[in-house]
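One file, upload-v7.cif, is given below (mmCIF, C-alpha atoms; chains and numbers go by the auth columns).
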data_data
#
loop_
_atom_site.group_PDB
_atom_site.id
_atom_site.type_symbol
_atom_site.label_atom_id
_atom_site.label_comp_id
_atom_site.label_asym_id
_atom_site.label_seq_id
_atom_site.Cartn_x
_atom_site.Cartn_y
_atom_site.Cartn_z
_atom_site.B_iso_or_equiv
_atom_site.auth_seq_id
_atom_site.auth_asym_id
ATOM 1 C CA MET A 1 -39.777 11.838 -7.688 0.00 1 A
ATOM 2 C CA ASP A 2 -36.553 13.664 -6.765 0.00 2 A
ATOM 3 C CA ASN A 3 -37.349 14.599 -3.121 0.00 3 A
ATOM 4 C CA GLY A 4 -35.328 17.776 -3.591 0.00 4 A
ATOM 5 C CA TYR A 5 -32.086 15.948 -4.439 0.00 5 A
ATOM 6 C CA ARG A 6 -30.077 17.710 -7.084 0.00 6 A
ATOM 7 C CA ALA A 7 -27.200 16.254 -9.030 0.00 7 A
ATOM 8 C CA ILE A 8 -24.096 18.346 -8.398 0.00 8 A
ATOM 9 C CA GLY A 9 -20.701 18.089 -10.035 0.00 9 A
ATOM 10 C CA HIS A 10 -19.483 17.873 -13.584 0.00 10 A
ATOM 11 C CA THR A 11 -19.693 15.427 -16.478 0.00 11 A
ATOM 12 C CA TYR A 12 -16.020 15.401 -17.551 0.00 12 A
ATOM 13 C CA TRP A 13 -13.052 14.975 -15.200 0.00 13 A
ATOM 14 C CA VAL A 14 -9.285 14.764 -15.765 0.00 14 A
ATOM 15 C CA ILE A 15 -6.686 13.069 -13.551 0.00 15 A
ATOM 16 C CA PRO A 16 -3.278 13.871 -15.084 0.00 16 A
ATOM 17 C CA ASP A 17 -0.944 12.155 -12.561 0.00 17 A
ATOM 18 C CA GLY A 18 -1.593 8.458 -12.134 0.00 18 A
ATOM 19 C CA TYR A 19 0.934 5.942 -10.848 0.00 19 A
ATOM 20 C CA ILE A 20 0.191 2.675 -9.079 0.00 20 A
ATOM 21 C CA PRO A 21 3.140 2.029 -6.737 0.00 21 A
ATOM 22 C CA PRO A 22 4.624 -1.363 -7.661 0.00 22 A
ATOM 23 C CA ASP A 23 5.645 -2.389 -4.135 0.00 23 A
ATOM 24 C CA SER A 24 4.219 -2.415 -0.639 0.00 24 A
ATOM 25 C CA SER A 25 5.684 -2.825 2.814 0.00 25 A
ATOM 26 C CA GLY A 26 3.882 -3.627 6.029 0.00 26 A
ATOM 27 C CA ARG A 27 0.213 -4.552 6.243 0.00 27 A
ATOM 28 C CA LEU A 28 -1.176 -1.920 3.857 0.00 28 A
ATOM 29 C CA GLU A 29 -1.124 -2.408 0.092 0.00 29 A
ATOM 30 C CA SER A 30 0.002 0.453 -2.153 0.00 30 A
ATOM 31 C CA HIS A 31 -2.914 1.469 -4.374 0.00 31 A
ATOM 32 C CA GLU A 32 -4.849 4.253 -6.048 0.00 32 A
ATOM 33 C CA SER A 33 -8.567 4.909 -5.965 0.00 33 A
ATOM 34 C CA VAL A 34 -11.026 7.139 -7.718 0.00 34 A
ATOM 35 C CA CYS A 35 -13.914 8.066 -5.430 0.00 35 A
ATOM 36 C CA VAL A 36 -17.081 9.085 -7.246 0.00 36 A
ATOM 37 C CA LEU A 37 -20.046 10.740 -5.529 0.00 37 A
ATOM 38 C CA ASN A 38 -23.381 10.718 -7.346 0.00 38 A
ATOM 39 C CA THR A 39 -25.821 13.042 -5.547 0.00 39 A
ATOM 40 C CA GLY A 40 -28.458 12.798 -8.275 0.00 40 A
ATOM 41 C CA THR A 41 -31.471 10.545 -8.668 0.00 41 A
ATOM 42 C CA GLU A 42 -30.190 8.797 -11.807 0.00 42 A
ATOM 43 C CA GLU A 43 -27.459 6.151 -12.027 0.00 43 A
ATOM 44 C CA ALA A 44 -24.159 7.521 -13.336 0.00 44 A
ATOM 45 C CA GLU A 45 -22.517 5.633 -16.179 0.00 45 A
ATOM 46 C CA LEU A 46 -18.826 6.500 -16.329 0.00 46 A
ATOM 47 C CA GLN A 47 -16.622 6.074 -19.389 0.00 47 A
ATOM 48 C CA VAL A 48 -12.951 5.900 -18.379 0.00 48 A
ATOM 49 C CA THR A 49 -9.992 6.338 -20.740 0.00 49 A
ATOM 50 C CA VAL A 50 -6.446 5.718 -19.496 0.00 50 A
ATOM 51 C CA TYR A 51 -3.519 7.419 -21.283 0.00 51 A
ATOM 52 C CA PHE A 52 0.171 6.431 -21.254 0.00 52 A
ATOM 53 C CA GLU A 53 3.443 8.032 -22.341 0.00 53 A
ATOM 54 C CA ASP A 54 4.476 5.294 -24.773 0.00 54 A
ATOM 55 C CA ARG A 55 1.429 3.234 -25.759 0.00 55 A
ATOM 56 C CA GLU A 56 -2.125 3.539 -26.944 0.00 56 A
ATOM 57 C CA PRO A 57 -4.841 4.377 -24.390 0.00 57 A
ATOM 58 C CA LEU A 58 -7.057 1.851 -22.643 0.00 58 A
ATOM 59 C CA GLU A 59 -10.563 2.748 -23.803 0.00 59 A
ATOM 60 C CA GLY A 60 -14.098 1.501 -23.312 0.00 60 A
ATOM 61 C CA ILE A 61 -13.884 1.083 -19.522 0.00 61 A
ATOM 62 C CA VAL A 62 -17.356 1.452 -18.005 0.00 62 A
ATOM 63 C CA CYS A 63 -18.164 1.919 -14.321 0.00 63 A
ATOM 64 C CA ARG A 64 -21.540 2.601 -12.731 0.00 64 A
ATOM 65 C CA VAL A 65 -22.419 4.542 -9.599 0.00 65 A
ATOM 66 C CA PRO A 66 -25.997 4.182 -8.343 0.00 66 A
ATOM 67 C CA ALA A 67 -28.107 7.261 -7.654 0.00 67 A
ATOM 68 C CA ARG A 68 -27.404 9.006 -4.337 0.00 68 A
ATOM 69 C CA ARG A 69 -24.379 6.772 -3.660 0.00 69 A
ATOM 70 C CA THR A 70 -20.607 6.844 -3.609 0.00 70 A
ATOM 71 C CA LYS A 71 -18.229 4.318 -5.116 0.00 71 A
ATOM 72 C CA HIS A 72 -14.517 3.815 -4.520 0.00 72 A
ATOM 73 C CA ILE A 73 -12.890 2.377 -7.640 0.00 73 A
ATOM 74 C CA ARG A 74 -9.390 0.925 -7.356 0.00 74 A
ATOM 75 C CA THR A 75 -7.557 1.937 -10.519 0.00 75 A
ATOM 76 C CA ALA A 76 -5.782 -1.445 -10.612 0.00 76 A
ATOM 77 C CA SER A 77 -9.218 -3.040 -11.110 0.00 77 A
ATOM 78 C CA LEU A 78 -9.983 -1.039 -14.271 0.00 78 A
ATOM 79 C CA GLN A 79 -9.853 -3.238 -17.333 0.00 79 A
ATOM 80 C CA ALA A 80 -10.244 -2.821 -21.101 0.00 80 A
ATOM 81 C CA GLY A 81 -10.511 -6.288 -22.633 0.00 81 A
ATOM 82 C CA ASP A 82 -7.621 -8.240 -21.111 0.00 82 A
ATOM 83 C CA GLU A 83 -5.548 -5.115 -20.363 0.00 83 A
ATOM 84 C CA ARG A 84 -5.173 -3.389 -17.003 0.00 84 A
ATOM 85 C CA ILE A 85 -3.159 -0.402 -15.814 0.00 85 A
ATOM 86 C CA PRO A 86 0.326 -1.746 -15.034 0.00 86 A
ATOM 87 C CA ALA A 87 1.915 -0.909 -11.688 0.00 87 A
ATOM 88 C CA GLY A 88 4.985 1.327 -11.801 0.00 88 A
ATOM 89 C CA ILE A 89 4.000 3.029 -15.085 0.00 89 A
ATOM 90 C CA PRO A 90 2.872 6.694 -15.188 0.00 90 A
ATOM 91 C CA TYR A 91 -0.587 7.267 -16.660 0.00 91 A
ATOM 92 C CA ALA A 92 -3.411 9.801 -16.826 0.00 92 A
ATOM 93 C CA MET A 93 -7.144 9.319 -17.145 0.00 93 A
ATOM 94 C CA THR A 94 -10.336 11.021 -18.179 0.00 94 A
ATOM 95 C CA ILE A 95 -13.752 10.205 -16.784 0.00 95 A
ATOM 96 C CA THR A 96 -16.930 11.108 -18.637 0.00 96 A
ATOM 97 C CA SER A 97 -20.317 10.734 -16.944 0.00 97 A
ATOM 98 C CA ASN A 98 -23.857 10.857 -18.297 0.00 98 A
ATOM 99 C CA VAL A 99 -24.900 12.856 -15.196 0.00 99 A
ATOM 100 C CA PRO A 100 -22.981 15.343 -13.005 0.00 100 A
ATOM 101 C CA VAL A 101 -20.744 13.652 -10.396 0.00 101 A
ATOM 102 C CA ILE A 102 -17.904 14.608 -8.047 0.00 102 A
ATOM 103 C CA VAL A 103 -14.536 12.840 -8.544 0.00 103 A
ATOM 104 C CA GLN A 104 -11.700 12.569 -6.022 0.00 104 A
ATOM 105 C CA TYR A 105 -8.388 10.779 -6.593 0.00 105 A
ATOM 106 C CA SER A 106 -6.235 9.164 -3.873 0.00 106 A
ATOM 107 C CA ARG A 107 -2.927 7.307 -3.763 0.00 107 A
ATOM 108 C CA LEU A 108 -1.582 5.259 -0.859 0.00 108 A
ATOM 109 C CA ASP A 109 2.153 4.621 -1.261 0.00 109 A
ATOM 110 C CA THR A 110 3.524 2.051 1.178 0.00 110 A
ATOM 111 C CA THR A 111 6.764 1.306 -0.670 0.00 111 A
ATOM 112 C CA GLN A 112 8.539 2.538 2.475 0.00 112 A
ATOM 113 C CA SER A 113 7.589 2.054 6.110 0.00 113 A
ATOM 114 C CA GLU A 114 6.829 5.811 6.261 0.00 114 A
ATOM 115 C CA LEU A 115 3.778 5.553 4.047 0.00 115 A
ATOM 116 C CA ALA A 116 2.413 8.479 2.049 0.00 116 A
ATOM 117 C CA LEU A 117 -1.229 9.274 1.366 0.00 117 A
ATOM 118 C CA MET A 118 -2.243 11.804 -1.276 0.00 118 A
ATOM 119 C CA SER A 119 -5.818 12.785 -2.033 0.00 119 A
ATOM 120 C CA VAL A 120 -6.958 15.531 -4.410 0.00 120 A
ATOM 121 C CA MET A 121 -10.006 16.552 -6.375 0.00 121 A
ATOM 122 C CA ALA A 122 -9.837 15.622 -10.021 0.00 122 A
ATOM 123 C CA TYR A 123 -9.941 18.505 -12.503 0.00 123 A
ATOM 124 C CA PRO A 124 -13.546 19.249 -13.539 0.00 124 A
ATOM 125 C CA ALA A 125 -13.574 20.105 -17.224 0.00 125 A
ATOM 126 C CA GLY A 126 -17.172 19.367 -18.209 0.00 126 A
ATOM 127 C CA GLU A 127 -20.513 21.033 -17.652 0.00 127 A
ATOM 128 C CA GLY A 128 -21.607 21.537 -14.077 0.00 128 A
#
Could I get this structure in the form of C-alpha cells?
Amino acid sequence: MDNGYRAIGHTYWVIPDGYIPPDSSGRLESHESVCVLNTGTEEAELQVTVYFEDREPLEGIVCRVPARRTKHIRTASLQAGDERIPAGIPYAMTITSNVPVIVQYSRLDTTQSELALMSVMAYPAGEG
C-alpha cells in the first residue's frame, strides 16, 4: 500500500566537482556529504562511481536508502574493495538509483578558521 506517497526525483545524478579538503582547523572536520532523499515506498539501491583525473574510477560502490527516508553519506566513507576517495584529490561521481531519488551535495571546508560551507543540488540526468 502506498498511502499516496509518490517517488519523486531522478534515477541518474552527476556531481562533477568533488574534493575532500585534506586539513581541518578548529572543532569541525572538513568533509563532503551526499544527501539522498527517497520519498518512495521502495528502498533505493544506489550504484556510485567515482572518477579521477589521472587514475581509473572506483566502481561497484553500493549504498541503500530505505523507503520514505533520507541518508547523509560522507564521501570519505565510500569504498570500492580496499580503495577510498583520497583527501586533497579532485574527483567527480555519478549516482544511479533503481528508483527516483533527490541528491544534494555539500562540502564543509575548515582548512582555515573562516570555514566555508557549500551545498548544491546534484545534476539530474536520468528519468524523473
Matched chain/residue IDs from the PyMOL selection byres ((chain A and resi 47) around 6), as an mmCIF file with C-alpha atoms, keeping the file's coordinate frame:
data_model
loop_
_atom_site.group_PDB
_atom_site.id
_atom_site.type_symbol
_atom_site.label_atom_id
_atom_site.label_comp_id
_atom_site.auth_asym_id
_atom_site.auth_seq_id
_atom_site.Cartn_x
_atom_site.Cartn_y
_atom_site.Cartn_z
ATOM 1 C CA LEU A 46 -18.826 6.500 -16.329
ATOM 2 C CA VAL A 48 -12.951 5.900 -18.379
ATOM 3 C CA ILE A 61 -13.884 1.083 -19.522
ATOM 4 C CA VAL A 62 -17.356 1.452 -18.005
ATOM 5 C CA ILE A 95 -13.752 10.205 -16.784
ATOM 6 C CA THR A 96 -16.930 11.108 -18.637
#
Of the residues A:Val103, A:Val14, A:Ala122, A:Ile20, which is the one nearest to Ile85 of chain A, using only C-alpha atoms?
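Answer, going by the shortest atom-to-atom distance: A:Ile20.
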Could you state the separation of atom CA of Tyr19 of chain A and atom CA of Pro86 of chain A in Å, given to one decimal place?
8.8 Å
So, counting only C-alpha atoms, which residue among A:Ile8, A:Val34, A:Ile15, A:Ala125 is closest to His72 of chain A?
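Of A:Ile8, A:Val34, A:Ile15, A:Ala125, the one nearest His72 of chain A, counting only C-alpha atoms, is A:Val34.
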With only C-alpha atoms as the basis for distance, which of A:Val50, A:Val36, A:Gly18, A:Thr11 is at the shortest distance from Arg84 of chain A?
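Counting only C-alpha atoms, the residue closest to Arg84 of chain A is A:Val50.
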Picked residues, the PyMOL selection byres ((chain A and resi 38) around 9), as a compact mmCIF listing (two decimals) with C-alpha atoms, in the coordinates of the input:
# COMPACT_ATOMS: atom_id res chain seq x y z
CA ALA A 7 -27.20 16.25 -9.03
CA ILE A 8 -24.10 18.35 -8.40
CA GLY A 9 -20.70 18.09 -10.04
CA VAL A 36 -17.08 9.09 -7.25
CA LEU A 37 -20.05 10.74 -5.53
CA THR A 39 -25.82 13.04 -5.55
CA GLY A 40 -28.46 12.80 -8.28
CA THR A 41 -31.47 10.54 -8.67
CA GLU A 42 -30.19 8.80 -11.81
CA GLU A 43 -27.46 6.15 -12.03
CA ALA A 44 -24.16 7.52 -13.34
CA VAL A 65 -22.42 4.54 -9.60
CA PRO A 66 -26.00 4.18 -8.34
CA ALA A 67 -28.11 7.26 -7.65
CA ARG A 68 -27.40 9.01 -4.34
CA ARG A 69 -24.38 6.77 -3.66
CA THR A 70 -20.61 6.84 -3.61
CA LYS A 71 -18.23 4.32 -5.12
CA VAL A 99 -24.90 12.86 -15.20
CA PRO A 100 -22.98 15.34 -13.00
CA VAL A 101 -20.74 13.65 -10.40
CA ILE A 102 -17.90 14.61 -8.05
